[in-house]
$ cat structure_35.csv   # CSV, C-alpha atoms and all ligand atoms
chain,number,residue,atom,x,y,z
A,1,MET,CA,16.6,-29.0,48.3
A,2,THR,CA,19.7,-27.2,47.1
A,3,SER,CA,21.9,-30.1,48.1
A,4,GLU,CA,19.6,-32.6,46.4
A,5,LEU,CA,19.8,-30.5,43.2
A,6,GLY,CA,23.5,-30.3,43.5
A,7,ASP,CA,23.7,-34.0,44.0
A,8,ARG,CA,21.6,-34.8,41.0
A,9,LEU,CA,23.7,-32.3,38.9
A,10,ALA,CA,26.9,-33.9,40.0
A,11,ALA,CA,25.6,-37.4,39.4
A,12,VAL,CA,24.5,-36.5,35.8
A,13,ARG,CA,27.9,-34.7,35.2
A,14,SER,CA,29.8,-37.8,36.2
A,15,ARG,CA,27.6,-40.1,34.0
A,16,ILE,CA,28.3,-37.7,31.1
A,17,ALA,CA,32.0,-37.8,31.8
A,18,GLU,CA,32.1,-41.6,31.9
A,19,ALA,CA,30.0,-41.8,28.6
A,20,ALA,CA,32.4,-39.3,27.0
A,21,VAL,CA,35.4,-41.4,27.9
A,22,ARG,CA,33.7,-44.5,26.5
A,23,SER,CA,33.1,-42.6,23.2
A,24,GLY,CA,36.7,-41.5,23.2
A,25,ARG,CA,35.9,-37.8,23.5
A,26,PRO,CA,36.8,-35.3,26.2
A,27,ALA,CA,33.8,-34.3,28.4
A,28,SER,CA,34.7,-30.7,27.6
A,29,ALA,CA,33.5,-31.3,24.0
A,30,ILE,CA,30.0,-31.9,25.3
A,31,THR,CA,27.7,-29.0,26.3
A,32,THR,CA,25.0,-29.8,28.8
A,33,ILE,CA,21.9,-27.7,28.6
A,34,VAL,CA,19.6,-27.9,31.6
A,35,VAL,CA,16.0,-27.8,30.5
A,36,THR,CA,14.1,-25.8,33.1
A,37,LYS,CA,10.7,-25.6,31.5
A,38,PHE,CA,7.8,-25.3,34.0
A,39,GLN,CA,10.4,-24.8,36.8
A,40,PRO,CA,10.4,-21.7,38.9
A,41,ILE,CA,13.1,-19.1,38.4
A,42,GLU,CA,14.5,-19.9,41.9
A,43,LEU,CA,15.6,-23.3,40.7
A,44,VAL,CA,17.3,-21.7,37.7
A,45,ARG,CA,19.1,-19.3,40.0
A,46,GLU,CA,20.3,-22.3,42.2
A,47,LEU,CA,21.6,-24.1,39.1
A,48,ARG,CA,23.4,-21.0,38.0
A,49,GLU,CA,25.0,-20.8,41.4
A,50,LEU,CA,26.1,-24.4,40.9
A,51,GLY,CA,27.9,-23.3,37.8
A,52,VAL,CA,25.3,-24.1,35.1
A,53,ARG,CA,25.4,-21.5,32.2
A,54,ASP,CA,23.2,-23.1,29.5
A,55,PHE,CA,19.5,-23.4,30.1
A,56,GLY,CA,16.7,-24.7,27.8
A,57,GLU,CA,13.1,-23.7,27.5
A,58,ASN,CA,10.4,-24.8,25.1
A,59,ARG,CA,7.7,-22.1,25.4
A,60,HIS,CA,8.3,-18.6,24.2
A,61,GLN,CA,6.4,-16.7,27.0
A,62,GLU,CA,8.1,-18.6,29.8
A,63,ALA,CA,11.5,-18.4,28.2
A,64,ARG,CA,11.2,-14.6,27.6
A,65,GLU,CA,10.3,-14.0,31.2
A,66,LYS,CA,13.1,-16.1,32.6
A,67,ALA,CA,15.7,-14.6,30.2
A,68,ALA,CA,14.7,-11.1,31.3
A,69,LEU,CA,15.3,-12.1,34.9
A,70,LEU,CA,18.6,-13.9,34.2
A,71,PRO,CA,20.2,-12.4,31.1
A,72,ASP,CA,23.8,-13.4,31.9
A,73,VAL,CA,23.4,-17.0,31.0
A,74,ARG,CA,22.8,-18.7,27.6
A,75,TRP,CA,19.2,-19.5,26.8
A,76,HIS,CA,18.5,-22.3,24.4
A,77,PHE,CA,15.0,-22.4,22.7
A,78,VAL,CA,14.2,-26.1,22.2
A,79,GLY,CA,10.4,-26.0,21.6
A,80,GLN,CA,8.4,-25.7,18.4
A,81,LEU,CA,8.6,-22.2,17.1
A,82,GLN,CA,5.9,-20.2,15.3
A,83,GLY,CA,7.1,-18.0,12.5
A,84,LYS,CA,5.4,-14.9,14.0
A,85,LYS,CA,7.3,-15.4,17.3
A,86,ALA,CA,10.7,-15.9,15.5
A,87,ARG,CA,11.9,-12.3,15.9
A,88,GLN,CA,11.0,-12.2,19.6
A,89,VAL,CA,12.7,-15.5,20.4
A,90,ARG,CA,15.8,-14.4,18.5
A,91,ALA,CA,16.0,-11.4,20.8
A,92,TYR,CA,16.8,-13.4,23.9
A,93,ALA,CA,17.9,-16.9,22.7
A,94,SER,CA,21.6,-17.6,22.2
A,95,VAL,CA,20.7,-20.8,20.4
A,96,ILE,CA,17.5,-22.0,18.6
A,97,HIS,CA,17.4,-25.8,18.4
A,98,SER,CA,14.1,-26.1,16.4
A,99,VAL,CA,14.6,-24.7,13.0
A,100,ASP,CA,12.8,-27.1,10.7
A,101,ARG,CA,11.3,-25.3,7.7
A,102,LEU,CA,12.1,-22.7,5.1
A,103,PRO,CA,9.6,-20.0,6.3
A,104,LEU,CA,11.2,-20.1,9.7
A,105,VAL,CA,14.7,-19.7,8.2
A,106,GLN,CA,13.4,-16.6,6.4
A,107,ALA,CA,11.7,-15.3,9.5
A,108,LEU,CA,14.8,-15.7,11.6
A,109,ASP,CA,17.1,-14.2,9.0
A,110,LEU,CA,17.4,-10.7,10.4
A,111,PRO,CA,20.1,-8.0,10.5
A,112,GLY,CA,22.6,-8.0,13.4
A,113,ASP,CA,24.8,-10.8,14.8
A,114,PRO,CA,23.8,-14.1,13.4
A,115,VAL,CA,21.9,-16.4,15.8
A,116,ASP,CA,23.2,-20.0,16.3
A,117,VAL,CA,20.7,-22.6,15.2
A,118,PHE,CA,20.2,-26.3,14.9
A,119,LEU,CA,18.3,-27.9,12.1
A,120,GLN,CA,15.7,-30.1,13.8
A,121,ILE,CA,15.1,-33.5,12.3
A,122,ASN,CA,11.9,-35.6,12.7
A,123,LEU,CA,13.0,-39.2,13.4
A,124,THR,CA,9.4,-40.5,13.6
A,125,ASP,CA,7.1,-41.5,10.7
A,126,ASP,CA,4.6,-38.9,11.8
A,127,PRO,CA,4.9,-35.8,9.7
A,128,GLU,CA,2.9,-33.8,12.4
A,129,ARG,CA,5.9,-34.0,14.7
A,130,GLY,CA,8.4,-31.2,14.9
A,131,GLY,CA,11.4,-31.5,12.7
A,132,ALA,CA,12.2,-31.7,9.0
A,133,ALA,CA,12.1,-35.0,7.1
A,134,PRO,CA,15.6,-36.5,6.8
A,135,ASN,CA,15.5,-36.2,3.0
A,136,ASP,CA,14.9,-32.5,3.2
A,137,ALA,CA,17.8,-31.8,5.6
A,138,PRO,CA,20.5,-31.1,3.0
A,139,ALA,CA,18.4,-28.5,1.2
A,140,LEU,CA,17.4,-26.8,4.4
A,141,ALA,CA,21.0,-26.8,5.6
A,142,GLU,CA,22.0,-25.0,2.4
A,143,ALA,CA,19.3,-22.4,2.9
A,144,ILE,CA,20.4,-21.8,6.5
A,145,ALA,CA,24.1,-21.6,5.4
A,146,ALA,CA,23.1,-19.0,2.8
A,147,ALA,CA,21.2,-16.9,5.3
A,148,PRO,CA,23.5,-14.2,6.8
A,149,GLY,CA,21.4,-13.9,9.9
A,150,LEU,CA,21.7,-17.5,10.9
A,151,SER,CA,24.7,-19.7,11.8
A,152,LEU,CA,24.1,-23.4,11.5
A,153,LEU,CA,25.7,-25.4,14.3
A,154,GLY,CA,24.3,-28.8,13.3
A,155,VAL,CA,21.3,-31.1,13.7
A,156,MET,CA,18.9,-31.7,16.6
A,157,ALA,CA,16.4,-34.5,17.3
A,158,VAL,CA,14.3,-36.2,19.9
A,159,ALA,CA,14.4,-40.0,20.0
A,160,PRO,CA,11.0,-41.4,19.0
A,161,LEU,CA,9.0,-43.4,21.6
A,162,GLY,CA,9.0,-47.1,20.8
A,163,GLU,CA,12.4,-47.2,19.1
A,164,GLU,CA,15.7,-48.0,20.8
A,165,PRO,CA,17.2,-44.5,21.3
A,166,ARG,CA,20.7,-45.7,20.3
A,167,ARG,CA,19.3,-46.8,16.9
A,168,ALA,CA,17.5,-43.5,16.4
A,169,PHE,CA,20.6,-41.5,17.3
A,170,SER,CA,22.6,-43.6,14.9
A,171,ARG,CA,20.3,-42.6,12.1
A,172,LEU,CA,20.6,-39.0,13.3
A,173,ARG,CA,24.4,-39.3,13.0
A,174,GLY,CA,24.0,-40.4,9.3
A,175,ILE,CA,21.7,-37.4,8.7
A,176,ALA,CA,24.3,-35.2,10.3
A,177,ASP,CA,26.8,-36.4,7.8
A,178,THR,CA,24.5,-35.4,4.9
A,179,VAL,CA,24.2,-31.9,6.5
A,180,ARG,CA,27.9,-31.6,7.0
A,181,ALA,CA,28.5,-32.5,3.3
A,182,VAL,CA,26.7,-29.2,2.3
A,183,SER,CA,27.7,-27.1,5.4
A,184,PRO,CA,31.1,-28.3,6.7
A,185,ASP,CA,31.1,-26.2,9.9
A,186,ALA,CA,27.8,-27.7,11.0
A,187,THR,CA,29.4,-30.4,13.1
A,188,ALA,CA,27.3,-30.3,16.3
A,189,ILE,CA,24.6,-32.8,17.3
A,190,SER,CA,21.9,-31.8,19.8
A,191,ALA,CA,20.5,-35.0,21.1
A,192,GLY,CA,20.0,-36.8,24.4
A,193,MET,CA,17.5,-36.2,27.2
A,194,SER,CA,17.2,-37.5,30.8
A,195,GLY,CA,16.4,-41.0,29.7
A,196,ASP,CA,18.8,-41.5,26.8
A,197,PHE,CA,21.8,-39.1,27.0
A,198,GLU,CA,24.3,-41.9,27.3
A,199,ASP,CA,23.1,-43.4,24.1
A,200,ALA,CA,23.2,-40.0,22.4
A,201,ILE,CA,26.8,-39.5,23.6
A,202,ALA,CA,27.7,-42.9,22.2
A,203,GLU,CA,26.4,-41.7,18.8
A,204,GLY,CA,28.3,-38.4,18.8
A,205,ALA,CA,26.0,-35.9,20.6
A,206,THR,CA,27.8,-32.6,21.4
A,207,HIS,CA,24.8,-30.9,23.0
A,208,LEU,CA,22.6,-32.6,25.6
A,209,ARG,CA,19.2,-31.3,26.7
A,210,ILE,CA,18.6,-32.7,30.1
A,211,GLY,CA,15.6,-31.8,32.3
A,212,THR,CA,14.2,-34.0,35.0
A,213,ALA,CA,17.4,-36.0,35.7
A,214,ILE,CA,18.8,-32.8,37.1
A,215,THR,CA,15.9,-30.7,38.1
A,216,GLY,CA,13.7,-33.5,39.6
A,217,SER,CA,10.1,-33.9,38.4
A,218,ARG,CA,8.4,-30.9,36.7
A,219,PRO,CA,5.5,-29.1,38.3
A,220,ALA,CA,2.3,-29.7,36.2
A,221,ARG,CA,2.2,-26.0,35.2
A,222,ALA,CA,4.6,-23.1,35.6
B,1,LIG,C1,11.6,-31.2,27.9
B,1,LIG,C2,12.6,-31.4,26.8
B,1,LIG,C3,13.8,-32.0,27.1
B,1,LIG,C4,14.2,-32.5,28.4
B,1,LIG,O1,13.5,-33.6,28.8
B,1,LIG,P1,13.8,-34.5,30.1
B,1,LIG,O2,13.2,-35.8,29.8
B,1,LIG,O3,13.2,-33.8,31.2
B,1,LIG,O4,15.3,-34.6,30.2
B,1,LIG,C5,14.7,-32.1,26.0
B,1,LIG,N1,14.4,-31.7,24.8
B,1,LIG,C6,13.3,-31.1,24.5
B,1,LIG,C7,13.0,-30.7,23.1
B,1,LIG,C8,12.3,-31.0,25.5
B,1,LIG,O5,11.1,-30.4,25.2

$ encode --input "structure_35.csv" --output "structure tokens"
Amino acid sequence: MTSELGDRLAAVRSRIAEAAVRSGRPASAITTIVVTKFQPIELVRELRELGVRDFGENRHQEAREKAALLPDVRWHFVGQLQGKKARQVRAYASVIHSVDRLPLVQALDLPGDPVDVFLQINLTDDPERGGAAPNDAPALAEAIAAAPGLSLLGVMAVAPLGEEPRRAFSRLRGIADTVRAVSPDATAISAGMSGDFEDAIAEGATHLRIGTAITGSRPARA
């Protein structure tokens, strides 16, 4: 089990390194977040022993429990976030990838060290999906940049089903440019999952969120 996990991790790392070379960037410029949602804490511990330091979770309850058991790694919150949970998520998350509306910016803007966030963009035509509309991105980026409790790293998105990921990530790159125009330090792009991380790297992704390609398939429930 451990060695299979190690083998998958090594295989993904070498694919990332090759894709980074093809995009003319050092692999060290790319952060890999291993998404461990639904996976038991034992698997997180094994990954930590294999050198992983960045973990992603998408449900507050589960994330909070895991972060309490393993506080010495970076926890990335990648799921949809309710305003009333914002304060609690902020307490354990090093990075929140799913900031997508003004009330959430306000709920997260609390005293203390600023929390690193990504502005999530909805690349689908469905307004019910998580993420801000691309046209709203610059105004939201300005609001985040003006909030002392938040530090804007860049933009985040999930490639829509039914569109070639590379095309979607290319659009994201254009949206990232509009965000950087109002917030010059927001240079990061959180994009790329198990099925499309090489396309994301080709379009400038700096933060990959990879689950099953490393962890193996997810249990149906935690
Ligand atoms: C689950 C999840 C991932 C990882 O998905 P895989 O296909 O398992 O790599 C990445 N990003 C978000 C937002 C997720 O919810």

$ residues_near_ligand --input "structure_35.csv" --ligand "ligand LIG 1 (chain B)" --cutoff "10 Å" --atoms "all atoms listed in the file" --output "ChimeraX atom specification"
/A:33-38,56-59,77-80,97-98,120,130,156-159,190-197,208-218

$ closest_residue --input "structure_35.csv" --among "A:Leu150, A:Ala200, A:Val99, A:Val52" --to "Arg171 (chain A)" --atoms "only C-alpha atoms"
A:Ala200

$ residues_around --input "structure_35.csv" --residues "region 134-147 of chain A" --least-positions-apart "6" --cutoff "10 Å" --atoms "all atoms listed in the file" --output "PDB file with C-alpha atoms, keeping the file's coordinate frame"
ATOM      1  CA  VAL A  99      14.600 -24.700  13.000  1.00  0.00           C
ATOM      2  CA  ASP A 100      12.800 -27.100  10.700  1.00  0.00           C
ATOM      3  CA  ARG A 101      11.300 -25.300   7.700  1.00  0.00           C
ATOM      4  CA  LEU A 102      12.100 -22.700   5.100  1.00  0.00           C
ATOM      5  CA  LEU A 104      11.200 -20.100   9.700  1.00  0.00           C
ATOM      6  CA  VAL A 105      14.700 -19.700   8.200  1.00  0.00           C
ATOM      7  CA  GLN A 106      13.400 -16.600   6.400  1.00  0.00           C
ATOM      8  CA  LEU A 108      14.800 -15.700  11.600  1.00  0.00           C
ATOM      9  CA  ASP A 109      17.100 -14.200   9.000  1.00  0.00           C
ATOM     10  CA  LEU A 110      17.400 -10.700  10.400  1.00  0.00           C
ATOM     11  CA  PRO A 114      23.800 -14.100  13.400  1.00  0.00           C
ATOM     12  CA  VAL A 117      20.700 -22.600  15.200  1.00  0.00           C
ATOM     13  CA  PHE A 118      20.200 -26.300  14.900  1.00  0.00           C
ATOM     14  CA  LEU A 119      18.300 -27.900  12.100  1.00  0.00           C
ATOM     15  CA  GLN A 120      15.700 -30.100  13.800  1.00  0.00           C
ATOM     16  CA  ILE A 121      15.100 -33.500  12.300  1.00  0.00           C
ATOM     17  CA  ASN A 122      11.900 -35.600  12.700  1.00  0.00           C
ATOM     18  CA  LEU A 123      13.000 -39.200  13.400  1.00  0.00           C
ATOM     19  CA  LEU A 153      25.700 -25.400  14.300  1.00  0.00           C
ATOM     20  CA  GLY A 154      24.300 -28.800  13.300  1.00  0.00           C
ATOM     21  CA  VAL A 155      21.300 -31.100  13.700  1.00  0.00           C
ATOM     22  CA  ARG A 171      20.300 -42.600  12.100  1.00  0.00           C
ATOM     23  CA  LEU A 172      20.600 -39.000  13.300  1.00  0.00           C
ATOM     24  CA  GLY A 174      24.000 -40.400   9.300  1.00  0.00           C
ATOM     25  CA  ILE A 175      21.700 -37.400   8.700  1.00  0.00           C
ATOM     26  CA  ALA A 176      24.300 -35.200  10.300  1.00  0.00           C
ATOM     27  CA  ASP A 177      26.800 -36.400   7.800  1.00  0.00           C
ATOM     28  CA  THR A 178      24.500 -35.400   4.900  1.00  0.00           C
ATOM     29  CA  VAL A 179      24.200 -31.900   6.500  1.00  0.00           C
ATOM     30  CA  ARG A 180      27.900 -31.600   7.000  1.00  0.00           C
ATOM     31  CA  ALA A 181      28.500 -32.500   3.300  1.00  0.00           C
ATOM     32  CA  VAL A 182      26.700 -29.200   2.300  1.00  0.00           C
ATOM     33  CA  SER A 183      27.700 -27.100   5.400  1.00  0.00           C
ATOM     34  CA  PRO A 184      31.100 -28.300   6.700  1.00  0.00           C
ATOM     35  CA  ASP A 185      31.100 -26.200   9.900  1.00  0.00           C
ATOM     36  CA  ALA A 186      27.800 -27.700  11.000  1.00  0.00           C
TER      37      ALA A 186
END

$ residues_near_point --input "structure_35.csv" --point "(21.7, -42.6, 21.4)" --cutoff "7 Å" --atoms "all atoms listed in the file" --output "list in words"
Pro165, Arg166, Arg167, Ala168, Phe169, Ser170, Gly192, Asp196, Phe197, Glu198, Asp199, Ala200, Ile201, Ala202 and Glu203 of chain A

$ closest_residue --input "structure_35.csv" --among "A:Thr31, A:Ser151, A:Gln88, A:Thr206" --to "Arg13 (chain A)" --atoms "all atoms listed in the file"
A:Thr31

$ residues_around --input "structure_35.csv" --residues "Gly24 (chain A)" --least-positions-apart "5" --cutoff "10 Å" --atoms "all atoms listed in the file" --output "MDAnalysis selection string"
chainID A and resid 18:19 202 204

$ closest_residue --input "structure_35.csv" --among "A:Trp75, A:Gly83, A:Gly131, A:Pro40" --to "Ile96 (chain A)" --atoms "all atoms listed in the file"
A:Trp75

$ atom_distance --input "structure_35.csv" --atom1 "CA of His207 (chain A)" --atom2 "CA of Ala220 (chain A)"
26.1 Å

$ closest_residue --input "structure_35.csv" --among "A:Gly6, A:Pro26, A:Pro103, A:Pro111" --to "Arg90 (chain A)" --atoms "all atoms listed in the file"
A:Pro111

$ atom_distance --input "structure_35.csv" --atom1 "CA of Val115 (chain A)" --atom2 "CA of Arg173 (chain A)"
23.2 Å

$ atom_distance --input "structure_35.csv" --atom1 "CA of Thr187 (chain A)" --atom2 "CA of Ala133 (chain A)"
18.9 Å

$ decode --input "structure_35.csv" --residues "region 176-188 of chain A" --atoms "all heavy atoms" --output "compact mmCIF listing (two decimals), in the first residue's frame"
# COMPACT_ATOMS: atom_id res chain seq x y z
N ALA A 176 -6.69 35.75 -15.42
CA ALA A 176 -5.61 36.02 -14.46
C ALA A 176 -4.91 37.34 -14.81
O ALA A 176 -4.53 38.11 -13.92
CB ALA A 176 -4.61 34.87 -14.45
N ASP A 177 -4.76 37.59 -16.10
CA ASP A 177 -4.14 38.86 -16.52
C ASP A 177 -4.97 40.06 -16.07
O ASP A 177 -4.43 41.08 -15.65
CB ASP A 177 -3.98 38.91 -18.05
CG ASP A 177 -2.92 37.94 -18.55
OD1 ASP A 177 -2.07 37.52 -17.73
OD2 ASP A 177 -2.94 37.60 -19.75
N THR A 178 -6.32 39.94 -16.15
CA THR A 178 -7.17 41.06 -15.76
C THR A 178 -7.11 41.29 -14.24
O THR A 178 -7.24 42.42 -13.77
CB THR A 178 -8.66 40.87 -16.18
OG1 THR A 178 -9.26 39.85 -15.36
CG2 THR A 178 -8.78 40.51 -17.64
N VAL A 179 -6.90 40.20 -13.51
CA VAL A 179 -6.77 40.31 -12.05
C VAL A 179 -5.42 40.93 -11.69
O VAL A 179 -5.32 41.80 -10.82
CB VAL A 179 -6.95 38.92 -11.38
CG1 VAL A 179 -6.44 38.91 -9.95
CG2 VAL A 179 -8.42 38.51 -11.43
N ARG A 180 -4.38 40.51 -12.38
CA ARG A 180 -3.05 41.05 -12.10
C ARG A 180 -2.97 42.55 -12.43
O ARG A 180 -2.21 43.29 -11.82
CB ARG A 180 -1.97 40.27 -12.84
CG ARG A 180 -0.67 40.29 -12.10
CD ARG A 180 0.41 39.37 -12.66
NE ARG A 180 -0.09 38.14 -13.23
CZ ARG A 180 -0.11 37.89 -14.54
NH1 ARG A 180 0.34 38.76 -15.41
NH2 ARG A 180 -0.57 36.73 -14.97
N ALA A 181 -3.81 42.98 -13.38
CA ALA A 181 -3.82 44.41 -13.73
C ALA A 181 -4.27 45.26 -12.55
O ALA A 181 -3.82 46.40 -12.40
CB ALA A 181 -4.73 44.65 -14.94
N VAL A 182 -5.15 44.73 -11.69
CA VAL A 182 -5.60 45.50 -10.52
C VAL A 182 -4.87 45.11 -9.24
O VAL A 182 -4.88 45.84 -8.26
CB VAL A 182 -7.13 45.40 -10.30
CG1 VAL A 182 -7.87 45.93 -11.51
CG2 VAL A 182 -7.56 43.99 -9.97
N SER A 183 -4.24 43.93 -9.21
CA SER A 183 -3.55 43.44 -8.02
C SER A 183 -2.25 42.76 -8.47
O SER A 183 -2.20 41.54 -8.63
CB SER A 183 -4.47 42.47 -7.26
OG SER A 183 -3.86 42.05 -6.06
N PRO A 184 -1.20 43.56 -8.68
CA PRO A 184 0.01 43.07 -9.37
C PRO A 184 0.70 41.89 -8.70
O PRO A 184 1.38 41.12 -9.37
CB PRO A 184 0.93 44.30 -9.37
CG PRO A 184 0.03 45.47 -9.20
CD PRO A 184 -1.12 45.00 -8.37
N ASP A 185 0.51 41.72 -7.39
CA ASP A 185 1.16 40.59 -6.71
C ASP A 185 0.38 39.28 -6.86
O ASP A 185 0.85 38.23 -6.44
CB ASP A 185 1.33 40.88 -5.21
CG ASP A 185 2.32 42.01 -4.98
OD1 ASP A 185 3.19 42.22 -5.85
OD2 ASP A 185 2.22 42.69 -3.93
N ALA A 186 -0.81 39.35 -7.40
CA ALA A 186 -1.66 38.16 -7.51
C ALA A 186 -1.29 37.38 -8.77
O ALA A 186 -2.03 37.34 -9.75
CB ALA A 186 -3.14 38.56 -7.51
N THR A 187 -0.13 36.73 -8.72
CA THR A 187 0.43 36.10 -9.92
C THR A 187 0.16 34.59 -10.00
O THR A 187 0.51 33.98 -11.00
CB THR A 187 1.95 36.30 -9.94
OG1 THR A 187 2.49 35.79 -8.71
CG2 THR A 187 2.32 37.77 -10.07
N ALA A 188 -0.41 34.01 -8.96
CA ALA A 188 -0.56 32.55 -8.93
C ALA A 188 -1.82 32.09 -9.67
O ALA A 188 -2.79 32.84 -9.82
CB ALA A 188 -0.59 32.06 -7.48
